[in-house]
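**Q** Coordinates in start-v5.cif, mmCIF, C-alpha atoms, are listed below.
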data_my_file
#
loop_
_atom_site.label_atom_id
_atom_site.label_comp_id
_atom_site.auth_asym_id
_atom_site.auth_seq_id
_atom_site.Cartn_x
_atom_site.Cartn_y
_atom_site.Cartn_z
CA MET A 1 -11.76 15.61 -17.65
CA LYS A 2 -11.91 12.41 -15.62
CA ILE A 3 -8.88 11.35 -13.56
CA LEU A 4 -8.41 8.11 -11.66
CA TYR A 5 -5.67 8.15 -9.03
CA ILE A 6 -4.29 4.72 -8.23
CA CYS A 7 -2.11 3.45 -5.41
CA THR A 8 -1.79 -0.04 -4.04
CA HIS A 9 -3.84 0.35 -0.84
CA ASN A 10 -5.97 3.43 -1.65
CA ARG A 11 -5.80 4.84 1.85
CA CYS A 12 -3.60 7.95 1.73
CA ARG A 13 -1.95 9.49 -1.39
CA SER A 14 -4.59 8.46 -3.92
CA ILE A 15 -7.34 9.56 -1.51
CA LEU A 16 -5.60 12.91 -0.95
CA SER A 17 -5.26 13.35 -4.72
CA GLU A 18 -8.94 12.58 -5.35
CA ALA A 19 -10.20 14.99 -2.68
CA ILE A 20 -7.79 17.78 -3.61
CA SER A 21 -8.50 17.49 -7.34
CA ASN A 22 -12.25 17.69 -6.83
CA HIS A 23 -11.83 20.63 -4.44
CA VAL A 24 -9.35 22.67 -6.49
CA ALA A 25 -10.84 21.99 -9.92
CA CYS A 26 -14.37 23.15 -9.02
CA GLY A 27 -16.02 20.74 -11.47
CA LYS A 28 -13.44 20.95 -14.27
CA ILE A 29 -12.01 17.62 -13.14
CA GLU A 30 -13.97 14.63 -11.93
CA ALA A 31 -11.51 12.68 -9.80
CA ARG A 32 -11.78 9.26 -8.21
CA SER A 33 -9.26 7.03 -6.49
CA ALA A 34 -8.77 3.30 -6.22
CA GLY A 35 -6.28 0.63 -5.28
CA SER A 36 -5.11 -2.67 -6.68
CA GLN A 37 -5.22 -4.09 -3.12
CA PRO A 38 -7.40 -1.64 -1.18
CA VAL A 39 -7.33 -1.91 2.60
CA GLY A 40 -10.97 -0.87 2.90
CA GLU A 41 -10.45 2.22 5.06
CA VAL A 42 -9.06 5.69 4.56
CA HIS A 43 -6.10 6.53 6.79
CA PRO A 44 -7.48 8.70 9.63
CA LEU A 45 -4.68 11.26 9.27
CA SER A 46 -5.57 11.71 5.59
CA LEU A 47 -9.05 12.72 6.67
CA LYS A 48 -7.75 14.89 9.51
CA TYR A 49 -5.38 16.94 7.35
CA LEU A 50 -7.80 17.24 4.44
CA GLU A 51 -10.36 18.71 6.86
CA LYS A 52 -7.73 21.02 8.38
CA SER A 53 -7.02 22.22 4.83
CA GLY A 54 -10.70 22.99 4.26
CA ILE A 55 -11.25 20.10 1.84
CA ASP A 56 -14.47 18.07 1.91
CA ILE A 57 -13.98 14.46 3.03
CA ASN A 58 -17.57 13.26 2.49
CA GLY A 59 -17.77 10.12 0.40
CA LEU A 60 -14.07 9.28 0.52
CA ARG A 61 -13.49 5.56 0.82
CA SER A 62 -10.87 2.96 0.05
CA GLN A 63 -12.01 0.89 -2.91
CA SER A 64 -10.82 -1.44 -5.64
CA TRP A 65 -10.05 -0.33 -9.14
CA ASP A 66 -12.45 -3.10 -10.21
CA ASP A 67 -15.23 -0.71 -9.14
CA PHE A 68 -14.24 1.73 -11.91
CA GLU A 69 -14.77 -0.21 -15.12
CA GLU A 70 -17.63 2.12 -16.05
CA PHE A 71 -15.81 5.33 -14.98
CA ALA A 72 -13.62 5.38 -18.14
CA PRO A 73 -10.99 7.89 -16.95
CA ASP A 74 -9.21 10.13 -19.44
CA ILE A 75 -6.08 10.09 -17.29
CA VAL A 76 -4.82 7.50 -14.81
CA VAL A 77 -2.20 8.71 -12.34
CA THR A 78 -0.26 6.27 -10.17
CA VAL A 79 1.01 7.94 -7.01
CA CYS A 80 3.26 5.29 -5.43
CA ASP A 81 6.77 6.34 -4.49
CA SER A 82 8.97 4.23 -6.74
CA ALA A 83 12.04 5.75 -5.10
CA ALA A 84 10.95 4.06 -1.88
CA GLY A 85 10.83 0.70 -3.64
CA GLU A 86 7.04 0.49 -3.82
CA ALA A 87 5.59 -1.42 -6.72
CA CYS A 88 2.90 0.68 -8.39
CA PRO A 89 -0.16 -1.08 -9.72
CA LEU A 90 -0.83 -0.99 -13.46
CA TRP A 91 -4.01 0.12 -15.18
CA PHE A 92 -4.73 -1.43 -18.55
CA GLY A 93 -7.47 0.89 -19.85
CA ASN A 94 -7.21 3.24 -22.84
CA SER A 95 -6.34 6.19 -20.65
CA ILE A 96 -3.36 8.51 -20.61
CA LYS A 97 -1.08 6.94 -18.01
CA VAL A 98 1.18 9.05 -15.82
CA HIS A 99 3.19 8.47 -12.65
CA TRP A 100 3.50 10.96 -9.78
CA GLY A 101 5.95 9.61 -7.24
CA LEU A 102 4.66 10.90 -3.91
CA ALA A 103 6.18 9.91 -0.58
CA ASP A 104 3.64 8.35 1.76
CA PRO A 105 3.17 10.64 4.77
CA SER A 106 1.19 7.92 6.58
CA LYS A 107 4.36 5.82 6.86
CA LEU A 108 6.41 8.55 8.51
CA THR A 109 7.47 8.05 12.08
CA GLY A 110 8.36 11.03 14.20
CA SER A 111 6.76 13.72 16.25
CA GLU A 112 3.19 14.85 15.73
CA ASP A 113 4.53 18.08 14.21
CA GLU A 114 6.76 16.18 11.75
CA ILE A 115 3.88 13.96 10.66
CA ALA A 116 1.57 16.97 10.29
CA ALA A 117 4.21 18.73 8.19
CA ALA A 118 4.57 15.67 5.95
CA PHE A 119 0.82 15.49 5.31
CA LEU A 120 0.53 19.23 4.70
CA ASP A 121 3.55 19.18 2.34
CA THR A 122 1.97 16.33 0.37
CA ILE A 123 -1.33 18.20 0.18
CA THR A 124 0.48 21.32 -1.06
CA GLU A 125 2.37 19.34 -3.70
CA ILE A 126 -0.79 17.66 -4.99
CA LYS A 127 -2.55 21.06 -5.18
CA ARG A 128 0.37 22.44 -7.18
CA ARG A 129 0.21 19.57 -9.66
CA VAL A 130 -3.57 19.77 -10.06
CA LEU A 131 -3.35 23.51 -10.69
CA ALA A 132 -0.68 22.84 -13.32
CA ILE A 133 -3.06 20.40 -15.05
CA LEU A 134 -5.84 22.99 -15.01
CA ASN A 135 -3.57 25.74 -16.34
CA ALA A 136 -2.32 23.51 -19.17
CA ASN A 137 -5.83 23.31 -20.72
CA ILE A 138 -5.38 19.68 -21.73
CA ASP A 139 -7.87 18.59 -24.39
CA VAL A 140 -8.47 14.89 -23.76
CA SER A 141 -10.53 14.66 -26.98
CA ASN A 142 -7.22 14.90 -28.87
CA PRO A 143 -5.35 11.91 -27.39
CA GLU A 144 -2.07 12.34 -29.27
CA GLU A 145 -1.69 16.00 -28.35
CA SER A 146 -2.96 15.53 -24.79
CA ILE A 147 -0.58 12.63 -24.07
CA SER A 148 2.36 14.70 -25.23
CA LYS A 149 1.24 17.80 -23.33
CA PHE A 150 0.47 15.89 -20.15
CA LYS A 151 3.75 13.98 -20.16
CA GLN A 152 5.65 17.23 -20.69
CA LEU A 153 3.68 18.84 -17.88
CA VAL A 154 4.36 15.92 -15.55
CA SER A 155 8.09 16.01 -16.23
CA ILE A 156 8.06 19.73 -15.42
CA THR A 157 6.12 19.27 -12.18
CA GLU A 158 8.22 16.25 -11.14
CA SER A 159 11.49 18.10 -11.67
CA SER A 160 10.35 21.17 -9.74
CA ALA A 161 9.08 19.15 -6.77
#
Please re-express this file's structure in structure tokens.
**A**
Amino acid sequence: MKILYICTHNRCRSILSEAISNHVACGKIEARSAGSQPVGEVHPLSLKYLEKSGIDINGLRSQSWDDFEEFAPDIVVTVCDSAAGEACPLWFGNSIKVHWGLADPSKLTGSEDEIAAAFLDTITEIKRRVLAILNANIDVSNPEESISKFKQLVSITESSA
């Protein structure tokens, strides 16, 4: 299964989602991330807390979704926090499209401990959602069934967050 995580700047939440998916799924998911307006660099705290969580950061980079025309993802997940008034980018491919509203820990102000907790909470939440995808045994070769199953799964994971 191929998943493309999209956020506007591709520097924090989509990067975290890519790295965590590839780590947790052990080859069952091929994840990438991109942005509609990438800033060109990964947020340093994203890298710091991924490493602290034992997740490989090699090859992570902020890049445009234009670089993924050939990737042909089965699922596209936008990770912007619509509750915070962020406008999520749109992907117009033939993929299953889902939205995971994740708060951006890189925008938090506070103590070092509060910021660390925000990053680690986001990492934990993404892991939980990726494990739910893996446990659902989604068959992307059956688009109608997989769209229904994935949307049901997402509504369950969103409501329990």
**Q** To one decimal place in Å, what is the distance between atom CA of A:Thr8 and atom CA of A:Ala25?
**A**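 Computing it gives 24.5 Å between the two atoms.
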**Q** If I take atom CA of A:Tyr49 and atom CA of A:Ser14, how far is one from the other in Å, to one decimal?
**A** 14.1 Å
**Q** Name the closest residue to A:Ile126 among the candidates A:Ile20, A:Leu108, A:Leu60, A:Leu50; distances are taken between atoms, counting only C-alpha atoms.
**A** A:Ile20
**Q** Report as a ChimeraX atom specification all protein, DNA and RNA residues lying within 7 Å of A:Ser62, evaluated on only C-alpha atoms, omitting residues in the same chain fewer than 5 positions from it.
**A** /A:10-11,34,38-42
**Q** Would you put the residues from that selection into a file with C-alpha atoms, as a short mmCIF file (atom, residue, chain, number, x, y, z; two decimals), in the coordinates of the input?
**A**
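The resulting selection-v7.cif:
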data_model
loop_
_atom_site.label_atom_id
_atom_site.label_comp_id
_atom_site.auth_asym_id
_atom_site.auth_seq_id
_atom_site.Cartn_x
_atom_site.Cartn_y
_atom_site.Cartn_z
CA ASN A 10 -5.97 3.43 -1.65
CA ARG A 11 -5.80 4.84 1.85
CA ALA A 34 -8.77 3.30 -6.22
CA PRO A 38 -7.40 -1.64 -1.18
CA VAL A 39 -7.33 -1.91 2.60
CA GLY A 40 -10.97 -0.87 2.90
CA GLU A 41 -10.45 2.22 5.06
CA VAL A 42 -9.06 5.69 4.56
#
**Q** Within 7 Å of (-8.6, 17.1, -11.3), in the coordinates the file gives, what residues turn up when you count only C-alpha atoms, written out as a PyMOL selection string?
**A** chain A and resi 3+21-22+25+28-31+130
**Q** Selection from above, C-alpha atoms, as a tab-separated table (two decimals), keeping the file's coordinate frame, can you write it?
**A**
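Below is the file that was written, part_35.tsv:
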chain	number	residue	atom	x	y	z
A	3	ILE	CA	-8.88	11.35	-13.56
A	21	SER	CA	-8.50	17.49	-7.34
A	22	ASN	CA	-12.25	17.69	-6.83
A	25	ALA	CA	-10.84	21.99	-9.92
A	28	LYS	CA	-13.44	20.95	-14.27
A	29	ILE	CA	-12.01	17.62	-13.14
A	30	GLU	CA	-13.97	14.63	-11.93
A	31	ALA	CA	-11.51	12.68	-9.80
A	130	VAL	CA	-3.57	19.77	-10.06
**Q** Please write as a ChimeraX atom specification the full residue list that the PyMOL selection byres ((chain A and resi 73-83) around 7) yields on this file.
**A** /A:1-7,13-14,71-72,84-88,95-103,140
**Q** Mind giving me the straight-line distance from atom CA of A:Pro105 to atom CA of A:His9 in Å, one decimal?
**A**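 Distance between the two atoms: 13.7 Å.
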**Q** Under the rule that all atoms listed in the file are counted, which of A:Ile138, A:Ile123, A:Ala132, A:Leu16 is the nearest residue to A:His43?
**A** A:Leu16
